[in-house]
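Engineer: Sending over work22.txt (compact mmCIF, C-alpha atoms and all ligand atoms).
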# COMPACT_ATOMS: atom_id res chain seq x y z
CA MET L 1285 -8.02 36.99 -13.74
CA GLU L 1286 -8.14 33.23 -14.20
CA ASN L 1287 -5.42 30.89 -12.96
CA PRO L 1288 -3.36 29.32 -15.74
CA TYR L 1289 -3.31 25.99 -13.90
CA LEU L 1290 -4.76 24.19 -10.92
CA LEU L 1291 -2.37 23.81 -7.97
CA LEU L 1292 -2.42 20.25 -6.68
CA THR L 1293 0.05 21.21 -3.96
CA PRO L 1294 -0.40 21.34 -0.20
CA GLY L 1295 -0.27 25.12 0.06
CA PRO L 1296 -0.15 27.65 -1.35
CA LEU L 1297 -3.10 26.09 -3.09
CA SER L 1298 -5.78 27.06 -5.58
CA THR L 1299 -8.09 29.64 -4.01
CA SER L 1300 -11.50 30.85 -5.12
CA LYS L 1301 -11.86 33.92 -7.27
CA GLU L 1302 -13.79 35.62 -4.45
CA VAL L 1303 -10.87 35.07 -2.06
CA ARG L 1304 -8.48 36.67 -4.54
CA MET L 1305 -10.93 39.50 -5.34
CA SER L 1306 -11.37 40.35 -1.68
CA MET L 1307 -7.80 41.67 -1.60
CA LEU L 1308 -8.51 44.56 -3.94
CA ARG L 1309 -8.69 47.30 -1.36
CA ASP L 1310 -6.31 48.76 1.20
CA TRP L 1311 -6.67 48.79 4.97
CA CYS L 1312 -5.30 50.87 7.80
CA THR L 1313 -3.71 48.59 10.41
CA TRP L 1314 -4.81 50.59 13.46
CA ASP L 1315 -8.23 51.61 12.25
CA GLN L 1316 -11.23 50.06 14.00
CA ASP L 1317 -12.58 48.57 10.74
CA TYR L 1318 -9.50 46.45 10.31
CA ASN L 1319 -9.07 45.52 13.95
CA GLU L 1320 -12.68 44.35 14.11
CA LEU L 1321 -11.98 42.16 11.12
CA VAL L 1322 -9.01 40.63 12.97
CA GLN L 1323 -11.16 39.99 16.04
CA GLU L 1324 -13.82 38.35 13.91
CA VAL L 1325 -11.19 36.08 12.35
CA ARG L 1326 -9.83 35.17 15.79
CA ASN L 1327 -13.30 34.38 17.13
CA ARG L 1328 -14.22 32.26 14.14
CA LEU L 1329 -10.99 30.30 14.40
CA THR L 1330 -11.51 29.58 18.08
CA ALA L 1331 -15.06 28.45 17.41
CA LEU L 1332 -13.85 26.16 14.60
CA ALA L 1333 -11.23 24.54 16.82
CA ALA L 1334 -12.85 24.23 20.23
CA ASN L 1335 -16.22 23.19 21.54
CA ASP L 1336 -15.28 24.89 24.77
CA SER L 1337 -14.17 28.07 23.05
CA ASP L 1338 -13.96 30.21 26.22
CA ALA L 1339 -10.91 28.26 27.37
CA TYR L 1340 -9.10 28.91 24.08
CA THR L 1341 -7.87 31.89 22.12
CA ALA L 1342 -6.53 32.38 18.59
CA VAL L 1343 -3.30 34.31 18.05
CA LEU L 1344 -2.27 35.30 14.53
CA MET L 1345 1.40 35.58 13.60
CA GLN L 1346 3.08 37.11 10.54
CA GLY L 1347 5.08 34.88 8.21
CA SER L 1348 4.69 31.41 6.75
CA GLY L 1349 3.62 28.40 8.81
CA THR L 1350 7.16 27.68 9.96
CA PHE L 1351 7.40 31.12 11.61
CA CYS L 1352 4.31 30.28 13.58
CA VAL L 1353 5.67 26.89 14.70
CA GLU L 1354 8.89 28.58 15.73
CA SER L 1355 6.94 31.21 17.61
CA VAL L 1356 5.25 28.48 19.67
CA ILE L 1357 8.41 26.43 20.26
CA GLY L 1358 10.35 29.56 21.22
CA SER L 1359 7.65 31.14 23.41
CA VAL L 1360 5.93 28.47 25.50
CA ILE L 1361 8.79 26.49 27.03
CA PRO L 1362 10.39 27.96 30.16
CA GLN L 1363 13.97 29.07 29.54
CA ASP L 1364 15.43 27.40 32.61
CA LYS L 1365 13.61 24.10 33.04
CA GLY L 1366 11.79 22.99 29.90
CA LYS L 1367 12.41 19.94 27.74
CA LEU L 1368 10.58 19.09 24.54
CA LEU L 1369 9.75 15.59 23.31
CA ILE L 1370 9.17 15.53 19.56
CA ALA L 1371 7.64 12.61 17.67
CA THR L 1372 8.80 12.76 14.08
CA ASN L 1373 8.35 10.76 10.90
CA GLY L 1374 9.07 13.37 8.30
CA ALA L 1375 10.52 16.73 7.35
CA TYR L 1376 8.11 18.83 9.42
CA GLY L 1377 8.73 16.90 12.62
CA ASP L 1378 12.46 17.11 11.91
CA ARG L 1379 12.09 20.86 11.44
CA ILE L 1380 10.71 21.19 14.98
CA VAL L 1381 13.74 19.29 16.29
CA GLN L 1382 16.01 21.65 14.36
CA MET L 1383 14.22 24.73 15.73
CA ALA L 1384 14.42 23.52 19.31
CA LYS L 1385 18.13 22.84 18.93
CA MET L 1386 18.78 26.28 17.45
CA LEU L 1387 16.89 27.83 20.35
CA ASN L 1388 18.94 25.80 22.86
CA ILE L 1389 15.89 23.95 24.10
CA PRO L 1390 16.72 20.46 25.44
CA VAL L 1391 15.03 17.80 23.29
CA ALA L 1392 14.11 14.14 23.31
CA VAL L 1393 13.17 12.67 19.94
CA SER L 1394 11.10 9.66 18.93
CA VAL L 1395 11.93 8.99 15.29
CA THR L 1396 10.02 6.56 13.12
CA ASP L 1397 10.52 5.78 9.45
CA GLU L 1398 8.73 8.17 7.10
CA ARG L 1399 6.49 5.28 6.05
CA SER L 1400 5.48 4.30 9.61
CA SER L 1401 3.12 5.98 12.01
CA THR L 1402 4.12 7.47 15.38
CA ASN L 1403 5.56 4.90 17.77
CA LEU L 1404 3.29 5.22 20.83
CA SER L 1405 5.04 2.63 22.96
CA GLU L 1406 8.37 4.38 22.44
CA ILE L 1407 6.81 7.70 23.42
CA LYS L 1408 5.46 6.07 26.57
CA LYS L 1409 8.87 4.63 27.35
CA ILE L 1410 10.53 8.04 26.95
CA LEU L 1411 7.89 9.69 29.15
CA ASP L 1412 8.43 6.97 31.76
CA THR L 1413 12.19 7.44 31.91
CA ASP L 1414 12.89 11.09 31.11
CA LEU L 1415 11.33 13.12 33.89
CA ASP L 1416 12.69 16.43 32.58
CA ILE L 1417 10.23 16.49 29.69
CA THR L 1418 7.63 19.24 30.02
CA HIS L 1419 6.21 19.52 26.50
CA VAL L 1420 5.29 17.05 23.73
CA ALA L 1421 5.08 18.01 20.04
CA VAL L 1422 3.65 16.01 17.15
CA VAL L 1423 2.72 16.69 13.52
CA HIS L 1424 -0.85 15.77 12.55
CA CYS L 1425 -0.73 15.37 8.78
CA GLU L 1426 2.97 14.87 7.97
CA THR L 1427 2.88 16.57 4.59
CA THR L 1428 6.22 14.97 3.64
CA THR L 1429 4.35 11.76 2.82
CA GLY L 1430 0.65 12.45 3.51
CA MET L 1431 0.75 10.36 6.69
CA LEU L 1432 -1.94 11.10 9.27
CA ASN L 1433 -0.45 10.67 12.73
CA PRO L 1434 -2.57 9.58 15.72
CA ILE L 1435 -2.74 12.88 17.62
CA GLU L 1436 -5.60 11.59 19.79
CA GLU L 1437 -3.39 8.87 21.27
CA VAL L 1438 -0.27 11.03 21.50
CA CYS L 1439 -2.16 13.79 23.35
CA ARG L 1440 -3.93 11.33 25.62
CA LEU L 1441 -0.58 9.79 26.55
CA ALA L 1442 1.08 13.18 27.03
CA LYS L 1443 -1.74 14.29 29.32
CA GLU L 1444 -1.49 11.11 31.41
CA TYR L 1445 1.99 12.39 32.18
CA HIS L 1446 0.77 15.99 32.65
CA LYS L 1447 2.71 17.42 29.71
CA VAL L 1448 1.87 20.45 27.63
CA THR L 1449 0.78 19.38 24.12
CA ILE L 1450 1.76 21.04 20.84
CA VAL L 1451 0.27 19.89 17.53
CA ASP L 1452 1.45 21.03 14.10
CA ALA L 1453 -1.88 20.74 12.29
CA MET L 1454 -0.69 22.98 9.49
CA SER L 1455 -1.96 20.94 6.59
CA SER L 1456 -5.02 19.40 8.28
CA PHE L 1457 -6.83 22.08 10.30
CA GLY L 1458 -10.00 23.12 8.48
CA GLY L 1459 -9.97 19.94 6.41
CA ILE L 1460 -10.23 17.43 9.25
CA GLN L 1461 -12.35 17.99 12.33
CA ILE L 1462 -10.18 18.60 15.40
CA ASP L 1463 -11.61 19.57 18.78
CA VAL L 1464 -8.70 20.94 20.78
CA SER L 1465 -10.66 20.88 24.04
CA ALA L 1466 -11.64 17.20 23.70
CA LEU L 1467 -8.13 16.18 22.61
CA ARG L 1468 -6.55 18.42 25.24
CA ILE L 1469 -4.27 20.15 22.77
CA ASP L 1470 -2.68 23.20 24.37
CA TYR L 1471 -1.24 24.71 21.19
CA LEU L 1472 -2.49 23.89 17.71
CA ILE L 1473 -0.69 25.53 14.81
CA SER L 1474 -1.91 26.10 11.26
CA SER L 1475 -1.63 28.70 8.53
CA ALA L 1476 -3.73 30.80 6.18
CA ASN L 1477 -2.85 29.01 2.96
CA LYS L 1478 -3.78 25.41 3.71
CA CYS L 1479 -7.21 23.85 4.35
CA ILE L 1480 -8.96 27.12 5.18
CA GLN L 1481 -8.03 28.03 1.59
CA GLY L 1482 -6.67 31.53 2.05
CA VAL L 1483 -3.52 33.03 0.56
CA PRO L 1484 -0.06 32.83 2.20
CA GLY L 1485 1.19 35.46 4.66
CA PHE L 1486 0.40 34.48 8.23
CA GLY L 1487 -0.14 31.53 10.54
CA PHE L 1488 -2.23 31.11 13.65
CA VAL L 1489 -2.14 29.33 16.97
CA ILE L 1490 -5.18 28.06 18.81
CA ALA L 1491 -3.95 28.26 22.38
CA ASN L 1492 -5.20 27.10 25.73
CA ARG L 1493 -5.64 30.53 27.26
CA ALA L 1494 -4.57 29.55 30.79
CA GLU L 1495 -1.40 27.90 29.47
CA LEU L 1496 -0.47 30.85 27.28
CA GLU L 1497 -1.14 33.31 30.12
CA GLY L 1498 1.66 31.59 32.03
CA CYS L 1499 4.28 32.15 29.29
CA LYS L 1500 5.23 35.75 29.97
CA GLY L 1501 8.95 36.29 29.49
CA PHE L 1502 9.66 32.84 28.01
CA ALA L 1503 10.22 34.06 24.42
CA ARG L 1504 13.61 33.64 22.79
CA SER L 1505 12.77 36.09 19.99
CA LEU L 1506 11.23 39.55 19.93
CA SER L 1507 9.25 39.36 16.70
CA LEU L 1508 8.09 35.77 17.30
CA ASP L 1509 6.99 36.35 20.91
CA LEU L 1510 3.63 34.58 20.97
CA TYR L 1511 2.68 35.79 24.44
CA ASP L 1512 3.34 39.42 23.58
CA GLN L 1513 1.42 39.13 20.30
CA TYR L 1514 -1.48 37.64 22.27
CA ARG L 1515 -1.45 40.40 24.90
CA THR L 1516 -1.38 43.10 22.21
CA MET L 1517 -4.25 41.50 20.29
CA GLU L 1518 -6.26 41.21 23.52
CA GLU L 1519 -5.55 44.63 24.98
CA HIS L 1520 -5.85 46.54 21.72
CA HIS L 1521 -8.75 44.50 20.33
CA GLY L 1522 -7.24 42.97 17.23
CA LYS L 1523 -4.06 45.00 16.83
CA TRP L 1524 -0.89 43.23 15.70
CA ARG L 1525 2.43 44.34 17.17
CA PHE L 1526 4.12 44.98 13.83
CA THR L 1527 2.78 45.55 10.31
CA SER L 1528 0.12 42.98 9.67
CA PRO L 1529 -0.60 41.33 6.31
CA THR L 1530 -3.85 43.28 5.86
CA HIS L 1531 -4.89 42.00 2.44
CA VAL L 1532 -4.09 38.44 3.40
CA VAL L 1533 -6.22 38.75 6.53
CA ARG L 1534 -9.13 40.09 4.50
CA ALA L 1535 -8.77 37.21 2.04
CA PHE L 1536 -8.65 34.77 4.95
CA TYR L 1537 -11.90 36.18 6.31
CA GLN L 1538 -13.50 35.56 2.91
CA ALA L 1539 -12.08 32.00 2.97
CA LEU L 1540 -13.66 31.45 6.42
CA LEU L 1541 -17.04 32.59 5.08
CA GLU L 1542 -16.68 30.13 2.21
CA LEU L 1543 -15.79 27.31 4.58
CA GLU L 1544 -18.96 28.03 6.51
CA LYS L 1545 -21.01 28.19 3.30
CA GLU L 1546 -19.64 24.84 2.17
CA GLY L 1547 -21.03 23.29 5.37
CA GLY L 1548 -18.08 23.70 7.70
CA VAL L 1549 -15.23 21.29 8.34
CA PRO L 1550 -17.33 18.07 7.99
CA ALA L 1551 -18.39 19.04 4.44
CA ARG L 1552 -14.90 20.10 3.47
CA TYR L 1553 -13.49 16.87 4.87
CA GLU L 1554 -15.97 14.94 2.77
CA ARG L 1555 -14.96 16.77 -0.41
CA TYR L 1556 -11.25 16.23 0.29
CA ARG L 1557 -11.87 12.57 1.10
CA CYS L 1558 -13.75 12.05 -2.19
CA ASN L 1559 -10.98 13.85 -4.08
CA GLN L 1560 -8.33 11.66 -2.47
CA LYS L 1561 -10.20 8.38 -2.99
CA ARG L 1562 -10.75 9.14 -6.67
CA LEU L 1563 -7.15 10.28 -7.01
CA VAL L 1564 -5.76 7.01 -5.69
CA GLY L 1565 -8.27 4.93 -7.65
CA GLY L 1566 -7.52 6.76 -10.88
CA MET L 1567 -3.75 6.75 -10.42
CA MET L 1568 -3.82 3.01 -9.72
CA GLU L 1569 -5.81 2.48 -12.92
CA ASN L 1570 -2.94 4.31 -14.60
CA GLY L 1571 -0.38 2.01 -13.01
CA PHE L 1572 0.82 4.13 -10.07
CA LYS L 1573 1.05 2.83 -6.50
CA PRO L 1574 0.62 4.98 -3.38
CA LEU L 1575 3.50 5.00 -0.88
CA LEU L 1576 1.47 4.58 2.31
CA LYS L 1577 -0.90 1.97 3.64
CA GLU L 1578 -4.50 3.09 3.27
CA GLU L 1579 -5.07 3.30 7.04
CA ASP L 1580 -2.20 5.80 7.44
CA GLN L 1581 -3.16 7.94 4.49
CA SER L 1582 -4.59 11.45 5.03
CA PRO L 1583 -7.27 12.94 2.76
CA ILE L 1584 -4.91 15.88 2.11
CA ILE L 1585 -1.96 14.82 -0.05
CA THR L 1586 -0.81 11.47 -1.47
CA SER L 1587 2.68 10.22 -2.30
CA PHE L 1588 3.05 7.94 -5.30
CA LEU L 1589 6.03 5.72 -6.07
CA TYR L 1590 7.86 6.22 -9.33
CA PRO L 1591 6.65 3.40 -11.56
CA LYS L 1592 9.11 0.52 -11.94
CA ASN L 1593 10.37 -0.86 -15.27
CA ARG L 1594 9.32 2.21 -17.10
CA GLU L 1595 11.04 5.13 -18.59
CA PHE L 1596 9.64 7.64 -16.14
CA THR L 1597 11.13 10.98 -15.21
CA PHE L 1598 9.38 13.31 -12.83
CA GLU L 1599 10.57 16.38 -14.77
CA SER L 1600 8.93 15.30 -17.98
CA PHE L 1601 5.76 14.06 -16.25
CA TYR L 1602 5.51 17.37 -14.37
CA LYS L 1603 6.03 19.43 -17.49
CA ARG L 1604 3.40 17.59 -19.49
CA LEU L 1605 0.82 17.85 -16.73
CA LYS L 1606 1.55 21.54 -16.31
CA GLU L 1607 1.01 22.12 -20.02
CA LYS L 1608 -2.40 20.58 -19.54
CA GLY L 1609 -3.28 22.70 -16.52
CA PHE L 1610 -2.15 20.77 -13.43
CA VAL L 1611 0.76 21.49 -11.13
CA ILE L 1612 1.88 18.59 -8.93
CA TYR L 1613 4.58 18.31 -6.29
CA PRO L 1614 7.96 16.54 -6.14
CA GLY L 1615 8.63 13.95 -3.44
CA LYS L 1616 10.40 14.82 -0.23
CA ILE L 1617 11.55 11.54 1.28
CA SER L 1618 14.99 10.07 1.11
CA LYS L 1619 14.58 6.31 0.86
CA VAL L 1620 12.38 5.79 -2.16
CA GLU L 1621 11.56 7.94 -5.16
CA THR L 1622 8.12 9.51 -4.99
CA PHE L 1623 6.10 12.42 -6.22
CA ARG L 1624 3.09 13.95 -4.47
CA ILE L 1625 -0.33 15.12 -5.51
CA GLY L 1626 -2.35 17.31 -3.19
CA ASN L 1627 -6.12 17.51 -3.35
CA ILE L 1628 -6.89 20.40 -1.02
CA GLY L 1629 -7.92 23.93 -2.02
CA GLU L 1630 -10.52 24.91 -4.58
CA VAL L 1631 -10.35 21.41 -6.07
CA TYR L 1632 -13.38 19.22 -6.74
CA PRO L 1633 -13.91 15.58 -7.75
CA LYS L 1634 -14.52 16.71 -11.35
CA ASP L 1635 -11.01 18.27 -11.35
CA ILE L 1636 -9.52 15.00 -10.09
CA GLU L 1637 -11.44 13.18 -12.82
CA ARG L 1638 -9.89 15.48 -15.42
CA LEU L 1639 -6.45 14.92 -13.88
CA VAL L 1640 -6.84 11.14 -14.05
CA GLU L 1641 -7.86 11.39 -17.72
CA THR L 1642 -4.91 13.67 -18.41
CA VAL L 1643 -2.46 11.28 -16.73
CA LYS L 1644 -3.88 8.54 -18.93
CA ASP L 1645 -3.35 10.64 -22.06
CA VAL L 1646 0.17 11.54 -21.00
CA ASN L 1647 0.84 7.85 -20.37
CA LEU L 1648 -0.50 6.63 -23.66
CA SER L 1649 0.01 9.24 -26.30
CA GLU L 1650 3.00 11.26 -25.34
CA GLY L 1651 5.46 8.45 -24.84
CA VAL L 1652 6.66 9.50 -21.38
CA PHE L 1653 6.29 5.86 -20.51
CA SER L 1654 3.88 3.15 -21.57
CA VAL L 1655 1.31 1.19 -19.61
C1 LIG L 1701 3.13 23.61 5.24
C2 LIG L 1701 3.55 23.01 6.50
C3 LIG L 1701 4.33 23.72 7.45
C4 LIG L 1701 4.79 25.13 7.23
O1 LIG L 1701 5.46 25.34 6.06
P1 LIG L 1701 5.71 26.81 5.51
O2 LIG L 1701 6.39 26.54 4.21
O3 LIG L 1701 6.55 27.54 6.46
O4 LIG L 1701 4.37 27.47 5.36
C5 LIG L 1701 4.61 23.12 8.65
N1 LIG L 1701 4.18 21.88 8.93
C6 LIG L 1701 3.44 21.16 8.07
C7 LIG L 1701 2.99 19.80 8.45
C8 LIG L 1701 3.10 21.70 6.82
O5 LIG L 1701 2.37 21.00 5.95
How does this structure look as structure tokens?
Ligand SMILES: *Cc1c(COP(=O)(O)O)cnc(C)c1O

Structural biologist:
Amino acid sequence: MENPYLLLTPGPLSTSKEVRMSMLRDWCTWDQDYNELVQEVRNRLTALAANDSDAYTAVLMQGSGTFCVESVIGSVIPQDKGKLLIATNGAYGDRIVQMAKMLNIPVAVSVTDERSSTNLSEIKKILDTDLDITHVAVVHCETTTGMLNPIEEVCRLAKEYHKVTIVDAMSSFGGIQIDVSALRIDYLISSANKCIQGVPGFGFVIANRAELEGCKGFARSLSLDLYDQYRTMEEHHGKWRFTSPTHVVRAFYQALLELEKEGGVPARYERYRCNQKRLVGGMMENGFKPLLKEEDQSPIITSFLYPKNREFTFESFYKRLKEKGFVIYPGKISKVETFRIGNIGEVYPKDIERLVETVKDVNLSEGVFSV
């Protein structure tokens, strides 16, 4: 079964045929075959994320990426004395603030404009003055815009103040090298359907084992209890507490094999980087400007401004590209009008080349707007 179009979206994204084919059998959730598969996935994830992989563990959690973020926020902060500092410059950072508030977790927030990177001096100031803070959370690639936030600096600063560090690396992990042990990240969160290139259905947390071991009884939710999920996976060798997304896990395992075959994260990063460079170059040739400064831009997804002085509507642009086999993404920021094009997934420079040509054709021949 071939896909009718290429997804240029930041997840779910276009997967390989082999990943999709690997789902064509059923699994028993408590059988050894399946649980060994889960353990293999956990071990591979830990090895991908940490040089010092003994100090870390991988916990898988049902649901989309947000469920997994909520499971961390709700499970690792003590109920009586925790306070979370969140650095946000987009919808995913804001979502962490919203979660913490719903869970009655005290918060401090460092907000920067969606077009500006994390404000490190403000974070330092907050850490200097607010002594109640115990945990610091930051989003790596803020998918709202495509901004890559400086997690190295944020984590270094947080650790100077002895805080627990939480990184939402949902849309970057697997596509950008991150060593959680070197960066001293205690909880890194990502999901199956982003840069590892699996299908949607679960997320995962790479956790500092010693930190997580201390979180017994902190959870504010039964089904999203990260500690309990961890204990069950450890004690029962790969068992999930409740029905696990078996086919999705099998597809994810296939995606991990393909990541390894490609040459690991450095090779995947290089492919994504080439895709993104060509995307921006080609879109600029077609008269579109990217939203962010080049130094803030991730190799994952790019926001483009609506062209000025032209009769441009996103709906019509979207429709015409879709007819020609490409699905792009609307914008998500409030202050200026943008649309987004992702370049992760089973997407290669030749696909981006075809996209650029197609945008040119749409521009010139179909009268959406003229160059
Ligand atoms: C995709 C994403 C999430 C999770 O979104 P879901 O729709 O719940 O999968 C969280 N944070 C970031 C930065 C993301 O890109």

Engineer: Every residue with an atom at most 9 Å from (-15.7, 20.5, 12.3) (file coordinates; all atoms listed in the file) is what I'm after, so could you write them as a PDB file with C-alpha atoms, in the coordinates of the input?

Structural biologist:
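Final file, point.pdb:
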ATOM      1  CA  LEU L1332     -13.850  26.160  14.600  1.00  0.00           C
ATOM      2  CA  ALA L1333     -11.230  24.540  16.820  1.00  0.00           C
ATOM      3  CA  GLY L1458     -10.000  23.120   8.480  1.00  0.00           C
ATOM      4  CA  GLY L1459      -9.970  19.940   6.410  1.00  0.00           C
ATOM      5  CA  ILE L1460     -10.230  17.430   9.250  1.00  0.00           C
ATOM      6  CA  GLN L1461     -12.350  17.990  12.330  1.00  0.00           C
ATOM      7  CA  ILE L1462     -10.180  18.600  15.400  1.00  0.00           C
ATOM      8  CA  ASP L1463     -11.610  19.570  18.780  1.00  0.00           C
ATOM      9  CA  GLY L1548     -18.080  23.700   7.700  1.00  0.00           C
ATOM     10  CA  VAL L1549     -15.230  21.290   8.340  1.00  0.00           C
ATOM     11  CA  PRO L1550     -17.330  18.070   7.990  1.00  0.00           C
ATOM     12  CA  ALA L1551     -18.390  19.040   4.440  1.00  0.00           C
ATOM     13  CA  ARG L1552     -14.900  20.100   3.470  1.00  0.00           C
ATOM     14  CA  TYR L1553     -13.490  16.870   4.870  1.00  0.00           C
TER      15      TYR L1553
END

Engineer: Show me which residues line ligand LIG 1701 (chain L), defined as having an atom within 9 Å of a ligand atom where only C-alpha atoms and all ligand atoms count, and present them as number ranges by chain.

Structural biologist: L: 1294-1296, 1347-1353, 1374-1377, 1379-1380, 1423-1428, 1452-1456, 1473-1478, 1484-1487

Engineer: Now that the selection is made, can you save its residues with C-alpha atoms as a PDB file, in the coordinates of the input?

Structural biologist:
ATOM      1  CA  PRO L1294      -0.400  21.340  -0.200  1.00  0.00           C
ATOM      2  CA  GLY L1295      -0.270  25.120   0.060  1.00  0.00           C
ATOM      3  CA  PRO L1296      -0.150  27.650  -1.350  1.00  0.00           C
ATOM      4  CA  GLY L1347       5.080  34.880   8.210  1.00  0.00           C
ATOM      5  CA  SER L1348       4.690  31.410   6.750  1.00  0.00           C
ATOM      6  CA  GLY L1349       3.620  28.400   8.810  1.00  0.00           C
ATOM      7  CA  THR L1350       7.160  27.680   9.960  1.00  0.00           C
ATOM      8  CA  PHE L1351       7.400  31.120  11.610  1.00  0.00           C
ATOM      9  CA  CYS L1352       4.310  30.280  13.580  1.00  0.00           C
ATOM     10  CA  VAL L1353       5.670  26.890  14.700  1.00  0.00           C
ATOM     11  CA  GLY L1374       9.070  13.370   8.300  1.00  0.00           C
ATOM     12  CA  ALA L1375      10.520  16.730   7.350  1.00  0.00           C
ATOM     13  CA  TYR L1376       8.110  18.830   9.420  1.00  0.00           C
ATOM     14  CA  GLY L1377       8.730  16.900  12.620  1.00  0.00           C
ATOM     15  CA  ARG L1379      12.090  20.860  11.440  1.00  0.00           C
ATOM     16  CA  ILE L1380      10.710  21.190  14.980  1.00  0.00           C
ATOM     17  CA  VAL L1423       2.720  16.690  13.520  1.00  0.00           C
ATOM     18  CA  HIS L1424      -0.850  15.770  12.550  1.00  0.00           C
ATOM     19  CA  CYS L1425      -0.730  15.370   8.780  1.00  0.00           C
ATOM     20  CA  GLU L1426       2.970  14.870   7.970  1.00  0.00           C
ATOM     21  CA  THR L1427       2.880  16.570   4.590  1.00  0.00           C
ATOM     22  CA  THR L1428       6.220  14.970   3.640  1.00  0.00           C
ATOM     23  CA  ASP L1452       1.450  21.030  14.100  1.00  0.00           C
ATOM     24  CA  ALA L1453      -1.880  20.740  12.290  1.00  0.00           C
ATOM     25  CA  MET L1454      -0.690  22.980   9.490  1.00  0.00           C
ATOM     26  CA  SER L1455      -1.960  20.940   6.590  1.00  0.00           C
ATOM     27  CA  SER L1456      -5.020  19.400   8.280  1.00  0.00           C
ATOM     28  CA  ILE L1473      -0.690  25.530  14.810  1.00  0.00           C
ATOM     29  CA  SER L1474      -1.910  26.100  11.260  1.00  0.00           C
ATOM     30  CA  SER L1475      -1.630  28.700   8.530  1.00  0.00           C
ATOM     31  CA  ALA L1476      -3.730  30.800   6.180  1.00  0.00           C
ATOM     32  CA  ASN L1477      -2.850  29.010   2.960  1.00  0.00           C
ATOM     33  CA  LYS L1478      -3.780  25.410   3.710  1.00  0.00           C
ATOM     34  CA  PRO L1484      -0.060  32.830   2.200  1.00  0.00           C
ATOM     35  CA  GLY L1485       1.190  35.460   4.660  1.00  0.00           C
ATOM     36  CA  PHE L1486       0.400  34.480   8.230  1.00  0.00           C
ATOM     37  CA  GLY L1487      -0.140  31.530  10.540  1.00  0.00           C
TER      38      GLY L1487
END

Engineer: Quick one: residues within 7 Å of (-1.2, 19.0, -7.1) (file frame), counting all atoms listed in the file, please, as a PDB file with C-alpha atoms, in the frame of the given file.

Structural biologist:
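File written: selection.pdb
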ATOM      1  CA  LEU L1291      -2.370  23.810  -7.970  1.00  0.00           C
ATOM      2  CA  LEU L1292      -2.420  20.250  -6.680  1.00  0.00           C
ATOM      3  CA  THR L1293       0.050  21.210  -3.960  1.00  0.00           C
ATOM      4  CA  PHE L1610      -2.150  20.770 -13.430  1.00  0.00           C
ATOM      5  CA  VAL L1611       0.760  21.490 -11.130  1.00  0.00           C
ATOM      6  CA  ILE L1612       1.880  18.590  -8.930  1.00  0.00           C
ATOM      7  CA  TYR L1613       4.580  18.310  -6.290  1.00  0.00           C
ATOM      8  CA  ILE L1625      -0.330  15.120  -5.510  1.00  0.00           C
ATOM      9  CA  GLY L1626      -2.350  17.310  -3.190  1.00  0.00           C
ATOM     10  CA  ASN L1627      -6.120  17.510  -3.350  1.00  0.00           C
TER      11      ASN L1627
END

Engineer: Just checking: using all atoms listed in the file, which residue out of L:Asp1635, L:Asp1416, L:Asp1580, L:Asp1512 ends up closest to Glu1398 in chain L?

Structural biologist: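 Using all atoms listed in the file, the shortest distance to Glu1398 in chain L belongs to L:Asp1580.
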
Engineer: Find the distance between CA of Gln1481 in chain L and CA of Glu1519 in chain L and write it in Å to one decimal.

Structural biologist: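 For CA of Gln1481 in chain L relative to CA of Glu1519 in chain L, the distance reads 28.8 Å.
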
Engineer: Have a look at CA of Arg1440 in chain L and CA of Ile1357 in chain L and let me know their distance in Å, one decimal.

Structural biologist: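 Result for CA of Arg1440 in chain L versus CA of Ile1357 in chain L: 20.2 Å, one decimal.
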
Engineer: Within 12 Å of Pro1390 in chain L, counting all atoms listed in the file, which residues show up once you throw out same-chain ones fewer than 5 positions away? Write them as a list in words, please.

Structural biologist: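 Selected residues are Ile1357, Gly1358, Ile1361, Pro1362, Gln1363, Asp1364, Lys1365, Gly1366, Lys1367, Leu1368, Leu1369, Ile1370, Val1381, Gln1382, Met1383, Ala1384, Lys1385, Asp1414, Asp1416, Ile1417, Thr1418 and His1419 of chain L.
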
Engineer: Pick the closest to Tyr1514 in chain L from L:Phe1572, L:Phe1601, L:Lys1634, L:Ala1342: which is it, counting only C-alpha atoms?

Structural biologist: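 Closest to Tyr1514 in chain L, using only C-alpha atoms: L:Ala1342.
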
Engineer: Which residue out of L:Ile1617, L:Leu1575, L:Ile1410, L:Leu1321 has the minimum interatomic distance to Val1391 in chain L when all atoms listed in the file are used?

Structural biologist: L:Ile1410

Engineer: Please list as a list in words every residue within 12 Å of Asp1310 in chain L, counting only C-alpha atoms and excluding residues in the same chain fewer than 2 positions away.

Structural biologist: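 These residues fall inside the cut-off: Ser1306, Met1307, Leu1308, Cys1312, Thr1313, Asp1315, Asp1317, Tyr1318, Pro1529, Thr1530, His1531, Val1532, Val1533, Arg1534 and Ala1535 of chain L.
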
Engineer: What does the distance from CA of Gly1547 in chain L to CA of Tyr1289 in chain L come to in Å, to one decimal?

Structural biologist: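 Calculated distance between CA of Gly1547 in chain L and CA of Tyr1289 in chain L is 26.3 Å.
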
Engineer: Fewer than 5 positions away in the same chain doesn't count, so skip those; otherwise give me all residues within 7 Å of range 1490-1493 of chain L, counting only C-alpha atoms, as a list in words.

Structural biologist: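 The residues that qualify are Thr1330, Ala1339, Tyr1340, Thr1341, Ala1342, Val1343, Asp1470, Tyr1471, Leu1472 and Ile1473 of chain L.
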
Engineer: Which residue gives the smallest distance to Gln1513 in chain L among L:Thr1413, L:Ser1618, L:Asn1327, L:Ser1355, with only C-alpha atoms counted?

Structural biologist: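 The answer is L:Ser1355, which sits nearest to Gln1513 in chain L.
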